[in-house]
>>> print(open('query-v9.cif').read())   # mmCIF, C-alpha atoms and all ligand atoms
data_target
loop_
_atom_site.label_atom_id
_atom_site.label_comp_id
_atom_site.auth_asym_id
_atom_site.auth_seq_id
_atom_site.Cartn_x
_atom_site.Cartn_y
_atom_site.Cartn_z
CA MET I 1 -2.29 -0.42 2.63
CA PRO I 2 0.90 -2.43 1.99
CA LEU I 3 0.53 -6.20 1.91
CA PRO I 4 2.16 -8.16 4.74
CA SER I 5 5.68 -9.50 4.29
CA ASP I 6 5.88 -12.88 2.56
CA THR I 7 8.61 -14.10 4.87
CA ALA I 8 9.05 -13.95 8.60
CA SER I 9 12.30 -12.01 8.48
CA GLY I 10 12.20 -10.72 4.93
CA GLY I 11 15.54 -10.82 3.18
CA ARG I 12 14.68 -10.63 -0.48
CA GLY I 13 17.69 -8.50 -1.28
CA VAL I 14 17.95 -4.91 -2.39
CA ALA I 15 15.55 -2.97 -4.59
CA LEU I 16 16.61 0.30 -6.20
CA VAL I 17 13.59 2.47 -6.98
CA THR I 18 14.06 5.58 -9.14
CA GLY I 19 11.76 8.55 -8.55
CA GLY I 20 11.05 7.05 -5.14
CA ARG I 21 10.48 10.17 -3.09
CA ARG I 22 6.78 10.58 -3.93
CA GLY I 23 3.85 9.36 -6.03
CA ILE I 24 3.95 5.86 -7.46
CA GLY I 25 7.63 5.49 -6.54
CA ARG I 26 6.96 6.04 -2.85
CA ALA I 27 4.17 3.44 -2.86
CA ILE I 28 6.54 0.99 -4.53
CA CYS I 29 9.21 1.59 -1.87
CA ARG I 30 6.67 0.99 0.89
CA GLU I 31 5.22 -2.14 -0.72
CA LEU I 32 8.58 -3.73 -1.51
CA ALA I 33 9.79 -3.01 2.02
CA ALA I 34 6.69 -4.75 3.37
CA ARG I 35 7.63 -7.74 1.18
CA GLY I 36 11.13 -7.95 2.65
CA PHE I 37 13.31 -5.84 0.35
CA ASP I 38 15.87 -3.33 1.56
CA ILE I 39 15.34 -0.18 -0.46
CA ALA I 40 17.58 2.35 -2.19
CA VAL I 41 15.39 5.39 -2.80
CA VAL I 42 16.74 7.43 -5.71
CA ASP I 43 15.36 10.78 -6.81
CA VAL I 44 16.46 13.96 -8.52
CA VAL I 45 15.24 16.09 -5.59
CA ASP I 46 16.59 15.64 -2.06
CA ASP I 47 13.99 17.08 0.31
CA ASP I 48 11.73 16.12 3.21
CA SER I 49 9.52 13.94 1.05
CA GLY I 50 12.50 11.69 0.30
CA ARG I 51 13.20 11.41 4.01
CA GLU I 52 9.53 10.54 4.61
CA THR I 53 9.81 7.67 2.14
CA VAL I 54 12.96 6.45 3.85
CA GLU I 55 11.18 6.61 7.22
CA MET I 56 8.30 4.51 5.86
CA VAL I 57 10.78 1.85 4.76
CA ARG I 58 12.47 1.89 8.17
CA GLN I 59 9.10 1.44 9.87
CA ALA I 60 8.65 -1.71 7.81
CA GLY I 61 11.85 -2.98 9.43
CA ARG I 62 14.06 -2.82 6.35
CA LYS I 63 17.39 -1.15 5.66
CA THR I 64 17.28 1.85 3.38
CA LEU I 65 19.10 4.89 2.06
CA PHE I 66 18.26 7.92 -0.04
CA ARG I 67 20.55 9.03 -2.88
CA GLN I 68 20.05 12.13 -4.97
CA CYS I 69 20.57 11.34 -8.66
CA ASP I 70 19.27 12.72 -11.93
CA ILE I 71 18.79 9.58 -14.00
CA SER I 72 19.58 11.48 -17.19
CA ASP I 73 23.13 11.95 -15.83
CA THR I 74 24.73 8.73 -17.05
CA GLY I 75 28.10 9.70 -15.54
CA SER I 76 26.64 9.50 -12.02
CA TYR I 77 25.59 5.84 -12.13
CA SER I 78 28.87 4.28 -11.12
CA ALA I 79 29.13 6.23 -7.85
CA LEU I 80 25.41 5.72 -7.18
CA LEU I 81 25.56 1.95 -7.61
CA ASP I 82 28.80 1.71 -5.59
CA GLN I 83 27.08 3.55 -2.73
CA VAL I 84 24.00 1.36 -2.86
CA GLU I 85 26.00 -1.87 -3.00
CA GLY I 86 28.41 -0.68 -0.31
CA ASN I 87 25.61 0.23 2.11
CA LEU I 88 22.87 -2.29 1.35
CA GLY I 89 24.40 -5.03 -0.80
CA ALA I 90 23.98 -6.27 -4.36
CA ILE I 91 20.89 -5.07 -6.19
CA SER I 92 18.36 -7.82 -6.84
CA CYS I 93 15.57 -5.62 -8.21
CA LEU I 94 15.64 -2.42 -10.24
CA VAL I 95 12.41 -0.48 -10.56
CA ASN I 96 12.60 2.14 -13.30
CA ASN I 97 9.85 4.44 -12.09
CA ALA I 98 11.24 7.97 -12.55
CA GLY I 99 9.74 9.82 -15.46
CA ILE I 100 8.38 13.17 -16.49
CA GLN I 101 5.49 14.28 -18.58
CA VAL I 102 5.62 17.54 -20.51
CA PRO I 103 2.23 18.43 -21.97
CA VAL I 104 2.19 19.58 -25.55
CA ARG I 105 0.68 23.05 -25.39
CA GLY I 106 -0.44 23.63 -28.91
CA ASP I 107 0.47 21.71 -32.00
CA LEU I 108 2.73 18.68 -32.31
CA LEU I 109 4.20 20.47 -35.30
CA ASP I 110 5.55 23.11 -32.92
CA VAL I 111 7.27 20.79 -30.41
CA SER I 112 10.79 22.11 -29.80
CA GLU I 113 13.97 20.03 -29.95
CA GLU I 114 14.84 21.28 -26.46
CA MET I 115 11.61 19.96 -24.93
CA PHE I 116 11.84 16.67 -26.84
CA ASP I 117 15.46 16.06 -25.84
CA HIS I 118 14.75 16.86 -22.17
CA LEU I 119 11.93 14.34 -22.06
CA ILE I 120 13.79 11.65 -24.00
CA ASN I 121 16.94 12.09 -21.91
CA ILE I 122 15.05 11.26 -18.72
CA ASN I 123 12.30 8.86 -19.79
CA LEU I 124 14.18 6.86 -22.41
CA ARG I 125 17.93 7.50 -22.60
CA GLY I 126 18.54 7.72 -18.85
CA THR I 127 16.34 4.75 -18.05
CA PHE I 128 18.00 2.69 -20.82
CA PHE I 129 21.53 3.32 -19.60
CA LEU I 130 20.70 2.93 -15.90
CA THR I 131 19.16 -0.42 -16.77
CA GLN I 132 22.30 -1.33 -18.68
CA ALA I 133 24.52 -0.31 -15.74
CA VAL I 134 22.49 -2.32 -13.21
CA ALA I 135 22.18 -5.30 -15.56
CA ARG I 136 25.97 -5.45 -16.00
CA ARG I 137 26.36 -5.70 -12.23
CA MET I 138 23.57 -8.27 -11.90
CA VAL I 139 25.21 -10.43 -14.57
CA ALA I 140 28.57 -10.15 -12.80
CA GLN I 141 27.20 -11.20 -9.40
CA THR I 142 29.11 -14.26 -8.27
CA ALA I 143 26.45 -15.37 -5.78
CA PRO I 144 23.27 -14.04 -7.39
CA ALA I 145 20.06 -13.70 -5.41
CA ALA I 146 17.46 -16.33 -6.29
CA GLU I 147 15.18 -13.67 -7.69
CA ARG I 148 16.55 -10.91 -9.87
CA SER I 149 14.30 -8.64 -11.82
CA ILE I 150 14.12 -5.34 -13.64
CA ILE I 151 10.71 -3.70 -13.80
CA THR I 152 10.11 -0.64 -15.92
CA ILE I 153 7.11 1.62 -15.66
CA THR I 154 6.08 2.90 -19.05
CA SER I 155 2.46 4.01 -19.51
CA ALA I 156 -0.79 3.12 -21.22
CA ASN I 157 0.47 5.84 -23.56
CA ALA I 158 3.23 3.48 -24.73
CA GLY I 159 0.47 2.03 -26.90
CA LEU I 160 -2.16 4.77 -27.07
CA VAL I 161 -1.82 7.89 -29.18
CA SER I 162 -2.58 11.10 -27.27
CA PRO I 163 -2.65 14.51 -28.94
CA GLU I 164 -1.74 16.23 -25.68
CA LYS I 165 1.28 14.04 -24.94
CA GLY I 166 2.99 13.24 -28.24
CA PRO I 167 6.67 13.25 -27.17
CA TYR I 168 5.78 11.50 -23.88
CA CYS I 169 4.06 8.71 -25.86
CA VAL I 170 7.13 8.42 -28.09
CA SER I 171 9.43 8.14 -25.06
CA LYS I 172 7.29 5.48 -23.40
CA ALA I 173 6.86 3.46 -26.60
CA GLY I 174 10.65 3.47 -27.01
CA LEU I 175 11.07 2.45 -23.39
CA SER I 176 8.68 -0.44 -23.94
CA MET I 177 10.91 -1.79 -26.71
CA ALA I 178 13.99 -1.22 -24.57
CA SER I 179 12.42 -3.32 -21.80
CA GLN I 180 11.74 -6.16 -24.22
CA GLN I 181 15.28 -5.95 -25.62
CA PHE I 182 16.76 -6.24 -22.13
CA ALA I 183 14.39 -9.13 -21.39
CA LEU I 184 15.76 -11.02 -24.39
CA ARG I 185 19.38 -10.30 -23.47
CA LEU I 186 18.99 -11.23 -19.81
CA ALA I 187 16.63 -14.24 -19.97
CA ALA I 188 19.42 -16.82 -20.02
CA GLU I 189 21.09 -15.02 -17.09
CA GLY I 190 18.03 -15.74 -14.94
CA ILE I 191 17.07 -12.08 -14.74
CA ARG I 192 13.41 -11.40 -15.47
CA VAL I 193 12.51 -8.09 -17.12
CA HIS I 194 8.98 -6.75 -16.99
CA GLU I 195 7.07 -3.70 -18.14
CA ILE I 196 4.11 -2.17 -16.35
CA ARG I 197 1.79 0.21 -18.14
CA PRO I 198 -0.24 2.24 -15.64
CA GLY I 199 -3.48 3.89 -16.62
CA LEU I 200 -4.71 7.02 -14.87
CA ILE I 201 -3.16 7.16 -11.40
CA ARG I 202 -3.75 9.93 -8.86
CA THR I 203 -0.40 11.64 -8.33
CA SER I 204 1.10 15.06 -8.84
CA MET I 205 1.72 14.09 -12.47
CA THR I 206 -2.02 13.98 -13.12
CA ALA I 207 -3.08 16.79 -10.76
CA ASP I 208 -3.58 19.25 -13.61
CA VAL I 209 -6.03 16.98 -15.45
CA TYR I 210 -7.83 15.51 -12.43
CA ASP I 211 -10.83 17.86 -12.50
CA ARG I 212 -11.18 17.65 -16.27
CA TYR I 213 -10.92 13.84 -16.51
CA SER I 214 -12.86 12.85 -13.38
CA PRO I 215 -16.38 13.21 -14.84
CA LEU I 216 -15.28 11.13 -17.84
CA VAL I 217 -13.76 8.48 -15.61
CA ALA I 218 -16.90 8.31 -13.44
CA ALA I 219 -19.05 7.90 -16.54
CA GLY I 220 -16.99 4.94 -17.79
CA GLY I 221 -15.12 6.92 -20.41
CA ILE I 222 -11.32 6.46 -20.38
CA CYS I 223 -11.41 3.74 -17.68
CA PRO I 224 -13.96 0.88 -17.78
CA MET I 225 -13.57 0.31 -14.03
CA ARG I 226 -14.78 3.89 -13.49
CA ARG I 227 -12.20 5.02 -10.99
CA TRP I 228 -8.77 6.55 -10.78
CA GLY I 229 -5.96 4.23 -9.88
CA GLU I 230 -4.01 4.81 -6.68
CA PRO I 231 -0.21 4.48 -6.48
CA GLU I 232 -0.73 1.33 -4.40
CA ASP I 233 -2.47 -0.34 -7.37
CA ILE I 234 0.79 -0.11 -9.28
CA ALA I 235 2.95 -0.97 -6.27
CA ARG I 236 1.10 -4.25 -5.72
CA GLY I 237 1.69 -5.25 -9.33
CA ILE I 238 5.39 -4.44 -9.00
CA ALA I 239 5.61 -6.49 -5.79
CA THR I 240 3.96 -9.47 -7.46
CA LEU I 241 6.61 -9.45 -10.18
CA ALA I 242 9.56 -8.59 -7.93
CA THR I 243 8.89 -11.40 -5.49
CA GLY I 244 8.92 -14.03 -8.21
CA ALA I 245 5.21 -14.86 -8.15
CA MET I 246 5.39 -14.90 -11.98
CA PRO I 247 8.57 -16.99 -12.40
CA PHE I 248 8.02 -17.98 -16.06
CA SER I 249 7.32 -14.44 -17.24
CA THR I 250 9.84 -12.17 -18.90
CA GLY I 251 9.55 -9.55 -21.62
CA ASP I 252 5.88 -9.32 -20.77
CA ILE I 253 3.76 -6.19 -20.58
CA TYR I 254 1.29 -5.78 -17.74
CA ASN I 255 -1.48 -3.22 -18.08
CA ILE I 256 -2.66 -1.86 -14.73
CA GLY I 257 -5.24 0.70 -15.62
CA GLY I 258 -8.72 -0.54 -14.83
CA GLY I 259 -9.16 -1.75 -18.40
CA MET I 260 -8.01 1.47 -20.06
CA GLN I 261 -6.38 -0.44 -22.93
CA ILE I 262 -9.67 -2.18 -23.82
CA HIS I 263 -11.74 0.97 -23.64
CA GLN I 264 -13.92 1.36 -26.75
P1 LIG X 301 5.41 11.97 -10.02
O1 LIG X 301 5.74 13.18 -10.82
O2 LIG X 301 4.46 12.09 -8.89
O3 LIG X 301 6.72 11.27 -9.49
C1 LIG X 301 7.82 11.06 -10.34
C2 LIG X 301 9.07 11.02 -9.51
O4 LIG X 301 10.22 10.87 -10.39
C3 LIG X 301 9.27 12.35 -8.77
O5 LIG X 301 9.75 12.15 -7.47
C4 LIG X 301 10.29 13.04 -9.66
O6 LIG X 301 11.04 14.02 -9.04
C5 LIG X 301 11.16 11.87 -10.08
N1 LIG X 301 11.99 12.25 -11.21
C6 LIG X 301 11.64 13.03 -12.27
N2 LIG X 301 12.69 13.20 -13.07
C7 LIG X 301 13.73 12.53 -12.51
C8 LIG X 301 15.10 12.36 -12.86
N3 LIG X 301 15.61 12.94 -13.96
N4 LIG X 301 15.88 11.60 -12.08
C9 LIG X 301 15.40 11.04 -10.96
N5 LIG X 301 14.11 11.18 -10.56
C10 LIG X 301 13.29 11.91 -11.33
O7 LIG X 301 4.87 10.91 -11.10
P2 LIG X 301 4.10 9.52 -10.92
O8 LIG X 301 4.41 8.93 -9.60
O9 LIG X 301 2.70 9.72 -11.34
O10 LIG X 301 4.80 8.70 -12.10
C11 LIG X 301 5.75 7.65 -11.88
C12 LIG X 301 5.96 6.94 -13.20
O11 LIG X 301 4.72 6.41 -13.66
C13 LIG X 301 6.46 7.86 -14.33
O12 LIG X 301 7.42 7.17 -15.10
C14 LIG X 301 5.21 8.13 -15.15
O13 LIG X 301 5.51 8.43 -16.49
C15 LIG X 301 4.48 6.82 -14.99
N6 LIG X 301 3.05 6.91 -15.24
C16 LIG X 301 2.24 7.65 -14.42
C17 LIG X 301 0.88 7.71 -14.66
C18 LIG X 301 -0.06 8.50 -13.80
O14 LIG X 301 -1.27 8.53 -14.15
N7 LIG X 301 0.36 9.12 -12.72
C19 LIG X 301 0.28 6.99 -15.79
C20 LIG X 301 1.23 6.24 -16.58
C21 LIG X 301 2.55 6.20 -16.30
P3 LIG X 301 10.46 15.55 -9.11
O15 LIG X 301 9.34 15.56 -8.16
O16 LIG X 301 11.53 16.45 -8.74
O17 LIG X 301 10.04 15.76 -10.54
#
>>> encode(input="query-v9.cif", output="structure tokens", more="lines below")
Ligand code: NDP
Amino acid sequence: MPLPSDTASGGRGVALVTGGRRGIGRAICRELAARGFDIAVVDVVDDDSGRETVEMVRQAGRKTLFRQCDISDTGSYSALLDQVEGNLGAISCLVNNAGIQVPVRGDLLDVSEEMFDHLININLRGTFFLTQAVARRMVAQTAPAAERSIITITSANAGLVSPEKGPYCVSKAGLSMASQQFALRLAAEGIRVHEIRPGLIRTSMTADVYDRYSPLVAAGGICPMRRWGEPEDIARGIATLATGAMPFSTGDIYNIGGGMQIHQ
């Protein structure tokens, strides 16, 4: 369940959440709305699930809109950000959540350029340039919100080799460095930049491995806490960072995976 709002009337500014129509992104939208953010829900698909997310935000009493955008389409950012700012106001929090995983079926030596480029264009290139576009606007804000942050979801696989997910691991490791580079550039501007590395979370992204991994998880393999994470586990971490509860943190990496990174 979402945590209660930190303020009586909210008013923490505007959060833009990519990949917000379902999964972890939807939980983030709901949690940040409960903490007083107005929410721009951005996703590549415009369907009923996006409208459901928007409705959840409205029920939390916050302003919201849905905008269809493929984050690998760098030429679409200007119109997207104009629409968000025009309807909701200046962006105080960017959550880079959208991402894809393409399993490597077979050998890493057979990975095609087409598959690699598709994955990199969304997970790394698109996220990098959207961050750049939002950061430029945050820096230019004449009356900046007290709290401004950029939070990027990478993965435990940003630091763990996986034979089934080679290009995905490469994209998330690159994104981790991008997050730290932006943190360095933006620290003096008062904009905090964080990275969250989820472990195994129950969403459509992991549906195809759920049955195979679950006995291992229950036995303490993969995850020392012996359970799957829920999208809300990640959303609560995002909310902690977005609301400024960690004001002296930037460029830091937060693992939220039940101890997956310390698994022996
Ligand atoms: P889901 O596939 O459930 O949700 C991802 C969302 O991002 C979907 O709504 C998807 O749209 C959207 N999206 C995909 N590509 C684009 C694009 N080009 N532009 C805009 N939106 C896009 O995944 P999760 O919620 O599980 O994952 C969220 C993030 O967390 C991802 O970055 C993922 O890599 C990361 N992560 C997830 C883990 C897990 O165990 N689930 C573990 C570690 C990291 P559509 O439905 O059309 O594809």
>>> atom_distance(input="query-v9.cif", atom1="atom CA of I:Lys172", atom2="atom CA of I:Gly237")
18.6 Å
>>> atom_distance(input="query-v9.cif", atom1="atom CA of I:Ile201", atom2="atom CA of I:Gly20")
15.5 Å
>>> atom_distance(input="query-v9.cif", atom1="atom CA of I:Gly159", atom2="atom CA of I:Phe248")
24.0 Å
>>> closest_residue(input="query-v9.cif", among="I:Met260, I:Ile24, I:Ile191, I:Met246", to="I:Cys93", atoms="all atoms listed in the file")
I:Ile191
>>> residues_near_ligand(input="query-v9.cif", ligand="ligand LIG 301 (chain X)", cutoff="7 Å", atoms="only C-alpha atoms and all ligand atoms", output="ChimeraX atom specification")
/I:18-25,42-45,69-72,97-101,122-123,153-156,197-206
>>> write_last_selection(input="query-v9.cif", atoms="C-alpha atoms", output="mmCIF file, in the coordinates of the input")
data_model
loop_
_atom_site.group_PDB
_atom_site.id
_atom_site.type_symbol
_atom_site.label_atom_id
_atom_site.label_comp_id
_atom_site.auth_asym_id
_atom_site.auth_seq_id
_atom_site.Cartn_x
_atom_site.Cartn_y
_atom_site.Cartn_z
ATOM 1 C CA THR I 18 14.060 5.580 -9.140
ATOM 2 C CA GLY I 19 11.760 8.550 -8.550
ATOM 3 C CA GLY I 20 11.050 7.050 -5.140
ATOM 4 C CA ARG I 21 10.480 10.170 -3.090
ATOM 5 C CA ARG I 22 6.780 10.580 -3.930
ATOM 6 C CA GLY I 23 3.850 9.360 -6.030
ATOM 7 C CA ILE I 24 3.950 5.860 -7.460
ATOM 8 C CA GLY I 25 7.630 5.490 -6.540
ATOM 9 C CA VAL I 42 16.740 7.430 -5.710
ATOM 10 C CA ASP I 43 15.360 10.780 -6.810
ATOM 11 C CA VAL I 44 16.460 13.960 -8.520
ATOM 12 C CA VAL I 45 15.240 16.090 -5.590
ATOM 13 C CA CYS I 69 20.570 11.340 -8.660
ATOM 14 C CA ASP I 70 19.270 12.720 -11.930
ATOM 15 C CA ILE I 71 18.790 9.580 -14.000
ATOM 16 C CA SER I 72 19.580 11.480 -17.190
ATOM 17 C CA ASN I 97 9.850 4.440 -12.090
ATOM 18 C CA ALA I 98 11.240 7.970 -12.550
ATOM 19 C CA GLY I 99 9.740 9.820 -15.460
ATOM 20 C CA ILE I 100 8.380 13.170 -16.490
ATOM 21 C CA GLN I 101 5.490 14.280 -18.580
ATOM 22 C CA ILE I 122 15.050 11.260 -18.720
ATOM 23 C CA ASN I 123 12.300 8.860 -19.790
ATOM 24 C CA ILE I 153 7.110 1.620 -15.660
ATOM 25 C CA THR I 154 6.080 2.900 -19.050
ATOM 26 C CA SER I 155 2.460 4.010 -19.510
ATOM 27 C CA ALA I 156 -0.790 3.120 -21.220
ATOM 28 C CA ARG I 197 1.790 0.210 -18.140
ATOM 29 C CA PRO I 198 -0.240 2.240 -15.640
ATOM 30 C CA GLY I 199 -3.480 3.890 -16.620
ATOM 31 C CA LEU I 200 -4.710 7.020 -14.870
ATOM 32 C CA ILE I 201 -3.160 7.160 -11.400
ATOM 33 C CA ARG I 202 -3.750 9.930 -8.860
ATOM 34 C CA THR I 203 -0.400 11.640 -8.330
ATOM 35 C CA SER I 204 1.100 15.060 -8.840
ATOM 36 C CA MET I 205 1.720 14.090 -12.470
ATOM 37 C CA THR I 206 -2.020 13.980 -13.120
#
>>> residues_near_point(input="query-v9.cif", point="(25.3, -16.3, -1.5)", cutoff="12 Å", atoms="all atoms listed in the file", output="PyMOL selection string")
chain I and resi 13+89-90+141-146
>>> residues_around(input="query-v9.cif", residues="I:Lys63", least_positions_apart="5", cutoff="10 Å", atoms="only C-alpha atoms", output="VMD selection string")
chain I and resid 14 33 36 to 40 54 57 to 58 87 to 88
>>> closest_residue(input="query-v9.cif", among="I:Arg227, I:Arg26, I:Arg12, I:Arg185", to="I:Ser49", atoms="only C-alpha atoms")
I:Arg26
>>> closest_residue(input="query-v9.cif", among="I:Ile151, I:Val209, I:Ala15, I:Cys29", to="I:Pro103", atoms="all atoms listed in the file")
I:Val209
>>> closest_residue(input="query-v9.cif", among="I:Val95, I:Leu241, I:Ile253, I:Ile150", to="I:Ile28", atoms="only C-alpha atoms")
I:Val95
